[in-house]
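The next block is run.pdb, given as PDB, N, CA and C atoms.
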```pdb
ATOM      1  N   MET A   1      60.858  53.820 -21.085
ATOM      2  CA  MET A   1      59.781  53.800 -22.060
ATOM      3  C   MET A   1      59.942  54.956 -23.040
ATOM      4  N   THR A   2      59.489  54.716 -24.223
ATOM      5  CA  THR A   2      59.522  55.789 -25.210
ATOM      6  C   THR A   2      58.270  56.643 -25.085
ATOM      7  N   ARG A   3      58.317  57.807 -25.659
ATOM      8  CA  ARG A   3      57.171  58.724 -25.605
ATOM      9  C   ARG A   3      55.943  58.117 -26.287
ATOM     10  N   ALA A   4      56.140  57.445 -27.430
ATOM     11  CA  ALA A   4      55.020  56.829 -28.154
ATOM     12  C   ALA A   4      54.351  55.758 -27.307
ATOM     13  N   LEU A   5      55.145  54.972 -26.605
ATOM     14  CA  LEU A   5      54.590  53.926 -25.743
ATOM     15  C   LEU A   5      53.833  54.540 -24.578
ATOM     16  N   ASP A   6      54.368  55.604 -23.996
ATOM     17  CA  ASP A   6      53.671  56.310 -22.916
ATOM     18  C   ASP A   6      52.331  56.860 -23.397
ATOM     19  N   ASP A   7      52.309  57.432 -24.589
ATOM     20  CA  ASP A   7      51.073  57.975 -25.151
ATOM     21  C   ASP A   7      50.047  56.882 -25.380
ATOM     22  N   ARG A   8      50.492  55.730 -25.857
ATOM     23  CA  ARG A   8      49.573  54.611 -26.105
ATOM     24  C   ARG A   8      48.978  54.102 -24.798
ATOM     25  N   GLU A   9      49.796  53.976 -23.768
ATOM     26  CA  GLU A   9      49.296  53.527 -22.467
ATOM     27  C   GLU A   9      48.319  54.545 -21.884
ATOM     28  N   GLU A  10      48.616  55.814 -22.055
ATOM     29  CA  GLU A  10      47.717  56.857 -21.574
ATOM     30  C   GLU A  10      46.385  56.808 -22.327
ATOM     31  N   ALA A  11      46.433  56.547 -23.618
ATOM     32  CA  ALA A  11      45.209  56.440 -24.418
ATOM     33  C   ALA A  11      44.372  55.243 -23.979
ATOM     34  N   ARG A  12      45.029  54.131 -23.649
ATOM     35  CA  ARG A  12      44.308  52.944 -23.173
ATOM     36  C   ARG A  12      43.624  53.241 -21.843
ATOM     37  N   THR A  13      44.330  53.873 -20.938
ATOM     38  CA  THR A  13      43.757  54.213 -19.636
ATOM     39  C   THR A  13      42.582  55.165 -19.800
ATOM     40  N   ARG A  14      42.729  56.162 -20.671
ATOM     41  CA  ARG A  14      41.662  57.128 -20.911
ATOM     42  C   ARG A  14      40.432  56.454 -21.526
ATOM     43  N   ALA A  15      40.651  55.525 -22.467
ATOM     44  CA  ALA A  15      39.532  54.802 -23.098
ATOM     45  C   ALA A  15      38.764  53.986 -22.063
ATOM     46  N   LEU A  16      39.485  53.311 -21.171
ATOM     47  CA  LEU A  16      38.818  52.522 -20.139
ATOM     48  C   LEU A  16      38.067  53.428 -19.168
ATOM     49  N   THR A  17      38.658  54.542 -18.798
ATOM     50  CA  THR A  17      37.999  55.483 -17.889
ATOM     51  C   THR A  17      36.692  55.981 -18.481
ATOM     52  N   GLU A  18      36.707  56.379 -19.754
ATOM     53  CA  GLU A  18      35.498  56.867 -20.404
ATOM     54  C   GLU A  18      34.431  55.777 -20.470
ATOM     55  N   PHE A  19      34.830  54.550 -20.781
ATOM     56  CA  PHE A  19      33.889  53.440 -20.854
ATOM     57  C   PHE A  19      33.289  53.164 -19.478
ATOM     58  N   LEU A  20      34.130  53.153 -18.447
ATOM     59  CA  LEU A  20      33.648  52.909 -17.089
ATOM     60  C   LEU A  20      32.709  54.018 -16.621
ATOM     61  N   ASP A  21      33.029  55.254 -16.943
ATOM     62  CA  ASP A  21      32.153  56.364 -16.564
ATOM     63  C   ASP A  21      30.755  56.170 -17.145
ATOM     64  N   ALA A  22      30.688  55.730 -18.396
ATOM     65  CA  ALA A  22      29.384  55.487 -19.032
ATOM     66  C   ALA A  22      28.649  54.342 -18.354
ATOM     67  N   ARG A  23      29.346  53.277 -18.001
ATOM     68  CA  ARG A  23      28.694  52.141 -17.334
ATOM     69  C   ARG A  23      28.211  52.526 -15.947
ATOM     70  N   VAL A  24      28.951  53.336 -15.227
ATOM     71  CA  VAL A  24      28.523  53.790 -13.895
ATOM     72  C   VAL A  24      27.245  54.610 -14.020
ATOM     73  N   ARG A  25      27.157  55.456 -15.044
ATOM     74  CA  ARG A  25      25.930  56.225 -15.263
ATOM     75  C   ARG A  25      24.750  55.302 -15.592
ATOM     76  N   GLU A  26      25.020  54.122 -16.144
ATOM     77  CA  GLU A  26      23.966  53.157 -16.472
ATOM     78  C   GLU A  26      23.572  52.301 -15.267
ATOM     79  N   GLY A  27      24.260  52.458 -14.146
ATOM     80  CA  GLY A  27      23.889  51.737 -12.947
ATOM     81  C   GLY A  27      24.832  50.622 -12.547
ATOM     82  N   TYR A  28      26.020  50.582 -13.109
ATOM     83  CA  TYR A  28      27.010  49.586 -12.708
ATOM     84  C   TYR A  28      27.906  50.161 -11.624
ATOM     85  N   ARG A  29      28.553  49.284 -10.895
ATOM     86  CA  ARG A  29      29.570  49.696  -9.929
ATOM     87  C   ARG A  29      30.869  48.993 -10.317
ATOM     88  N   ILE A  30      31.970  49.603  -9.983
ATOM     89  CA  ILE A  30      33.280  49.044 -10.313
ATOM     90  C   ILE A  30      33.755  48.217  -9.128
ATOM     91  N   GLU A  31      33.993  46.924  -9.362
ATOM     92  CA  GLU A  31      34.501  46.054  -8.291
ATOM     93  C   GLU A  31      36.008  46.182  -8.154
ATOM     94  N   THR A  32      36.712  46.194  -9.277
ATOM     95  CA  THR A  32      38.169  46.309  -9.268
ATOM     96  C   THR A  32      38.612  46.918 -10.583
ATOM     97  N   ARG A  33      39.793  47.551 -10.553
ATOM     98  CA  ARG A  33      40.264  48.226 -11.757
ATOM     99  C   ARG A  33      41.780  48.370 -11.755
ATOM    100  N   THR A  34      42.366  48.202 -12.935
ATOM    101  CA  THR A  34      43.759  48.559 -13.191
ATOM    102  C   THR A  34      43.732  49.557 -14.347
ATOM    103  N   ASP A  35      44.890  49.896 -14.898
ATOM    104  CA  ASP A  35      44.920  50.832 -16.028
ATOM    105  C   ASP A  35      44.277  50.251 -17.284
ATOM    106  N   THR A  36      44.269  48.921 -17.440
ATOM    107  CA  THR A  36      43.791  48.310 -18.683
ATOM    108  C   THR A  36      42.691  47.265 -18.495
ATOM    109  N   HIS A  37      42.291  46.983 -17.271
ATOM    110  CA  HIS A  37      41.264  45.974 -17.001
ATOM    111  C   HIS A  37      40.375  46.428 -15.843
ATOM    112  N   ALA A  38      39.149  45.912 -15.831
ATOM    113  CA  ALA A  38      38.228  46.214 -14.727
ATOM    114  C   ALA A  38      37.178  45.115 -14.654
ATOM    115  N   ILE A  39      36.564  44.997 -13.495
ATOM    116  CA  ILE A  39      35.396  44.130 -13.322
ATOM    117  C   ILE A  39      34.282  45.017 -12.807
ATOM    118  N   ILE A  40      33.113  44.933 -13.479
ATOM    119  CA  ILE A  40      31.956  45.724 -13.084
ATOM    120  C   ILE A  40      30.782  44.800 -12.799
ATOM    121  N   ALA A  41      29.831  45.311 -12.025
ATOM    122  CA  ALA A  41      28.613  44.561 -11.692
ATOM    123  C   ALA A  41      27.474  45.555 -11.529
ATOM    124  N   PRO A  42      26.241  45.094 -11.709
ATOM    125  CA  PRO A  42      25.107  46.001 -11.492
ATOM    126  C   PRO A  42      25.121  46.534 -10.061
ATOM    127  N   ALA A  43      24.835  47.810  -9.897
ATOM    128  CA  ALA A  43      24.844  48.417  -8.565
ATOM    129  C   ALA A  43      23.613  48.012  -7.770
ATOM    130  N   ARG A  44      22.527  47.773  -8.476
ATOM    131  CA  ARG A  44      21.286  47.398  -7.793
ATOM    132  C   ARG A  44      21.204  45.887  -7.626
ATOM    133  N   ARG A  45      20.601  45.478  -6.547
ATOM    134  CA  ARG A  45      20.365  44.044  -6.338
ATOM    135  C   ARG A  45      19.303  43.568  -7.305
ATOM    136  N   ARG A  46      19.426  42.341  -7.717
ATOM    137  CA  ARG A  46      18.430  41.755  -8.595
ATOM    138  C   ARG A  46      17.176  41.402  -7.800
ATOM    139  N   SER A  47      16.060  41.632  -8.408
ATOM    140  CA  SER A  47      14.807  41.271  -7.756
ATOM    141  C   SER A  47      14.452  39.831  -8.115
ATOM    142  N   LEU A  48      13.525  39.263  -7.379
ATOM    143  CA  LEU A  48      13.062  37.916  -7.665
ATOM    144  C   LEU A  48      12.434  37.858  -9.052
ATOM    145  N   LEU A  49      11.756  38.936  -9.449
ATOM    146  CA  LEU A  49      11.176  38.983 -10.790
ATOM    147  C   LEU A  49      12.256  38.916 -11.861
ATOM    148  N   HIS A  50      13.370  39.559 -11.613
ATOM    149  CA  HIS A  50      14.452  39.541 -12.587
ATOM    150  C   HIS A  50      15.036  38.133 -12.717
ATOM    151  N   VAL A  51      15.194  37.450 -11.589
ATOM    152  CA  VAL A  51      15.775  36.112 -11.610
ATOM    153  C   VAL A  51      14.893  35.146 -12.391
ATOM    154  N   PHE A  52      13.575  35.239 -12.222
ATOM    155  CA  PHE A  52      12.673  34.291 -12.869
ATOM    156  C   PHE A  52      12.066  34.810 -14.169
ATOM    157  N   GLY A  53      12.221  36.080 -14.434
ATOM    158  CA  GLY A  53      11.563  36.652 -15.611
ATOM    159  C   GLY A  53      12.554  37.148 -16.631
ATOM    160  N   ARG A  54      12.582  38.451 -16.746
ATOM    161  CA  ARG A  54      13.433  39.082 -17.751
ATOM    162  C   ARG A  54      14.909  38.826 -17.464
ATOM    163  N   HIS A  55      15.631  38.600 -18.532
ATOM    164  CA  HIS A  55      17.079  38.426 -18.392
ATOM    165  C   HIS A  55      17.773  39.519 -19.177
ATOM    166  N   GLY A  56      18.546  40.323 -18.503
ATOM    167  CA  GLY A  56      19.267  41.411 -19.145
ATOM    168  C   GLY A  56      20.723  41.025 -19.323
ATOM    169  N   ALA A  57      21.585  41.996 -19.144
ATOM    170  CA  ALA A  57      23.017  41.774 -19.269
ATOM    171  C   ALA A  57      23.496  40.863 -18.138
ATOM    172  N   PRO A  58      24.526  40.081 -18.385
ATOM    173  CA  PRO A  58      25.076  39.234 -17.311
ATOM    174  C   PRO A  58      25.462  40.096 -16.110
ATOM    175  N   ALA A  59      25.394  39.490 -14.939
ATOM    176  CA  ALA A  59      25.595  40.231 -13.700
ATOM    177  C   ALA A  59      26.959  40.915 -13.619
ATOM    178  N   ARG A  60      28.021  40.184 -13.837
ATOM    179  CA  ARG A  60      29.363  40.748 -13.718
ATOM    180  C   ARG A  60      30.041  40.696 -15.081
ATOM    181  N   GLN A  61      30.852  41.704 -15.365
ATOM    182  CA  GLN A  61      31.549  41.783 -16.647
ATOM    183  C   GLN A  61      33.030  42.087 -16.418
ATOM    184  N   VAL A  62      33.877  41.463 -17.230
ATOM    185  CA  VAL A  62      35.302  41.778 -17.254
ATOM    186  C   VAL A  62      35.537  42.701 -18.441
ATOM    187  N   LEU A  63      36.144  43.836 -18.198
ATOM    188  CA  LEU A  63      36.457  44.791 -19.253
ATOM    189  C   LEU A  63      37.956  44.797 -19.478
ATOM    190  N   SER A  64      38.348  44.880 -20.737
ATOM    191  CA  SER A  64      39.761  45.036 -21.055
ATOM    192  C   SER A  64      39.877  45.972 -22.238
ATOM    193  N   VAL A  65      40.999  46.660 -22.316
ATOM    194  CA  VAL A  65      41.230  47.602 -23.411
ATOM    195  C   VAL A  65      42.497  47.155 -24.144
ATOM    196  N   ASP A  66      42.406  47.043 -25.480
ATOM    197  CA  ASP A  66      43.551  46.567 -26.253
ATOM    198  C   ASP A  66      44.524  47.709 -26.557
ATOM    199  N   SER A  67      45.575  47.387 -27.271
ATOM    200  CA  SER A  67      46.623  48.370 -27.537
ATOM    201  C   SER A  67      46.148  49.523 -28.414
ATOM    202  N   ASP A  68      45.019  49.346 -29.110
ATOM    203  CA  ASP A  68      44.460  50.419 -29.936
ATOM    204  C   ASP A  68      43.421  51.256 -29.195
ATOM    205  N   GLY A  69      43.166  50.939 -27.924
ATOM    206  CA  GLY A  69      42.208  51.690 -27.129
ATOM    207  C   GLY A  69      40.775  51.215 -27.278
ATOM    208  N   VAL A  70      40.581  50.007 -27.803
ATOM    209  CA  VAL A  70      39.237  49.447 -27.973
ATOM    210  C   VAL A  70      38.898  48.613 -26.733
ATOM    211  N   VAL A  71      37.776  48.964 -26.096
ATOM    212  CA  VAL A  71      37.352  48.270 -24.880
ATOM    213  C   VAL A  71      36.440  47.103 -25.253
ATOM    214  N   SER A  72      36.680  45.953 -24.645
ATOM    215  CA  SER A  72      35.811  44.799 -24.857
ATOM    216  C   SER A  72      35.287  44.313 -23.509
ATOM    217  N   MET A  73      34.137  43.662 -23.565
ATOM    218  CA  MET A  73      33.462  43.167 -22.371
ATOM    219  C   MET A  73      33.165  41.691 -22.559
ATOM    220  N   ARG A  74      33.336  40.921 -21.484
ATOM    221  CA  ARG A  74      32.939  39.515 -21.502
ATOM    222  C   ARG A  74      32.410  39.161 -20.128
ATOM    223  N   PRO A  75      31.554  38.140 -20.054
ATOM    224  CA  PRO A  75      31.007  37.759 -18.746
ATOM    225  C   PRO A  75      32.128  37.341 -17.782
ATOM    226  N   ALA A  76      31.986  37.749 -16.542
ATOM    227  CA  ALA A  76      32.926  37.341 -15.488
ATOM    228  C   ALA A  76      32.387  36.091 -14.812
ATOM    229  N   GLU A  77      33.269  35.353 -14.227
ATOM    230  CA  GLU A  77      32.828  34.192 -13.463
ATOM    231  C   GLU A  77      32.080  34.673 -12.220
ATOM    232  N   PRO A  78      31.120  33.886 -11.768
ATOM    233  CA  PRO A  78      30.369  34.276 -10.556
ATOM    234  C   PRO A  78      31.294  34.344  -9.339
ATOM    235  N   LEU A  79      30.909  35.187  -8.399
ATOM    236  CA  LEU A  79      31.664  35.256  -7.147
ATOM    237  C   LEU A  79      31.492  33.940  -6.399
ATOM    238  N   ARG A  80      32.564  33.482  -5.819
ATOM    239  CA  ARG A  80      32.504  32.255  -5.022
ATOM    240  C   ARG A  80      32.317  32.647  -3.551
ATOM    241  N   SER A  81      31.540  31.860  -2.856
ATOM    242  CA  SER A  81      31.334  32.199  -1.446
ATOM    243  C   SER A  81      32.206  31.371  -0.540
TER     244      SER A  81
END
```
Structure translated into structure tokens:
Amino acid sequence: MTRALDDREEARTRALTEFLDARVREGYRIETRTDTHAIIAPARRRSLLHVFGRHGAPARQVLSVDSDGVVSMRPAEPLRS
């Protein structure tokens, strides 16, 4: 690998780490993580009021970071039992 490529990969990893740190402070937990992708979910269990009333952010999210270090989030598929 070239030095520029190493720096870019390090920047992507750092961007994801910073984003994940902020989400953990907001009450999410990390289910799985690589250098450029992660799956997060709310750390707290949903209450019955939440299920039937207010709807916030989707339960699970897939995070990915592009080559420019921009993190994006999209809903994850539900866990299968």
For this session: Let me know the residues the PyMOL selection byres (((chain A and resi 73 and name CA) around 6) and name CA) catches in the file above, as a list in words.
Result: Val62, Leu63, Ser72 and Arg74 of chain A
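Interatomic distance, atom CA of Val24 of chain A against atom CA of Ala59 of chain A: 13.9 Å.
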Problem set entry | Members of chain A assigned strand (DSSP E) by DSSP, as JSON, numbers by chain | {"A": [28, 29, 30, 31, 32, 33, 37, 38, 39, 40, 41, 42, 61, 62, 63, 64, 65, 71, 72, 73, 74, 75]}
Just the residues within 8 Å of Ala38 of chain A, please, counting all atoms listed in the file, with nothing from its chain fewer than 3 positions along; format it as a PDB file with N, CA and C atoms, in the frame of the given file.
```
ATOM      1  N   LEU A  16      39.485  53.311 -21.171  1.00  0.00           N
ATOM      2  CA  LEU A  16      38.818  52.522 -20.139  1.00  0.00           C
ATOM      3  C   LEU A  16      38.067  53.428 -19.168  1.00  0.00           C
ATOM      4  N   ILE A  30      31.970  49.603  -9.983  1.00  0.00           N
ATOM      5  CA  ILE A  30      33.280  49.044 -10.313  1.00  0.00           C
ATOM      6  C   ILE A  30      33.755  48.217  -9.128  1.00  0.00           C
ATOM      7  N   GLU A  31      33.993  46.924  -9.362  1.00  0.00           N
ATOM      8  CA  GLU A  31      34.501  46.054  -8.291  1.00  0.00           C
ATOM      9  C   GLU A  31      36.008  46.182  -8.154  1.00  0.00           C
ATOM     10  N   THR A  32      36.712  46.194  -9.277  1.00  0.00           N
ATOM     11  CA  THR A  32      38.169  46.309  -9.268  1.00  0.00           C
ATOM     12  C   THR A  32      38.612  46.918 -10.583  1.00  0.00           C
ATOM     13  N   ARG A  33      39.793  47.551 -10.553  1.00  0.00           N
ATOM     14  CA  ARG A  33      40.264  48.226 -11.757  1.00  0.00           C
ATOM     15  C   ARG A  33      41.780  48.370 -11.755  1.00  0.00           C
ATOM     16  N   THR A  34      42.366  48.202 -12.935  1.00  0.00           N
ATOM     17  CA  THR A  34      43.759  48.559 -13.191  1.00  0.00           C
ATOM     18  C   THR A  34      43.732  49.557 -14.347  1.00  0.00           C
ATOM     19  N   ASP A  35      44.890  49.896 -14.898  1.00  0.00           N
ATOM     20  CA  ASP A  35      44.920  50.832 -16.028  1.00  0.00           C
ATOM     21  C   ASP A  35      44.277  50.251 -17.284  1.00  0.00           C
ATOM     22  N   ALA A  41      29.831  45.311 -12.025  1.00  0.00           N
ATOM     23  CA  ALA A  41      28.613  44.561 -11.692  1.00  0.00           C
ATOM     24  C   ALA A  41      27.474  45.555 -11.529  1.00  0.00           C
ATOM     25  N   GLN A  61      30.852  41.704 -15.365  1.00  0.00           N
ATOM     26  CA  GLN A  61      31.549  41.783 -16.647  1.00  0.00           C
ATOM     27  C   GLN A  61      33.030  42.087 -16.418  1.00  0.00           C
ATOM     28  N   VAL A  62      33.877  41.463 -17.230  1.00  0.00           N
ATOM     29  CA  VAL A  62      35.302  41.778 -17.254  1.00  0.00           C
ATOM     30  C   VAL A  62      35.537  42.701 -18.441  1.00  0.00           C
ATOM     31  N   LEU A  63      36.144  43.836 -18.198  1.00  0.00           N
ATOM     32  CA  LEU A  63      36.457  44.791 -19.253  1.00  0.00           C
ATOM     33  C   LEU A  63      37.956  44.797 -19.478  1.00  0.00           C
ATOM     34  N   SER A  64      38.348  44.880 -20.737  1.00  0.00           N
ATOM     35  CA  SER A  64      39.761  45.036 -21.055  1.00  0.00           C
ATOM     36  C   SER A  64      39.877  45.972 -22.238  1.00  0.00           C
ATOM     37  N   VAL A  65      40.999  46.660 -22.316  1.00  0.00           N
ATOM     38  CA  VAL A  65      41.230  47.602 -23.411  1.00  0.00           C
ATOM     39  C   VAL A  65      42.497  47.155 -24.144  1.00  0.00           C
TER      40      VAL A  65
END
```
For this session: Around the point (46.9, 47.5, -23.5) in the file's coordinates, collect all residues with an atom within 8 Å, using only C-alpha atoms, and return them as a list in words.
Result: Glu9, Arg12, Thr36, Ser64, Val65, Asp66, Ser67, Asp68 and Gly69 of chain A
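When the PyMOL selection byres (((chain A and resi 27 and name CA) around 12) and name CA) is evaluated on the file shown here, the picked residues come out as Leu20, Asp21, Ala22, Arg23, Val24, Arg25, Glu26, Tyr28, Arg29, Ile30, Ile40, Ala41, Pro42, Ala43, Arg44, Arg45, Ala57 and Ala59 of chain A.
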Exercise. Atom CA of Phe19 of chain A and atom N of Val71 of chain A, how far apart in Å?
Worked result: 7.9 Å
Problem set entry | DSSP alpha helix (DSSP H) residues within chain A, listed as JSON, numbers by chain | {"A": [3, 4, 5, 6, 7, 8, 9, 10, 11, 12, 13, 14, 15, 16, 17, 18, 19, 20, 21, 22, 23, 24, 25, 48, 49, 50, 51, 52]}
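If you look at atom C of Ile39 of chain A and atom C of Val70 of chain A, they are 15.1 Å away from each other.
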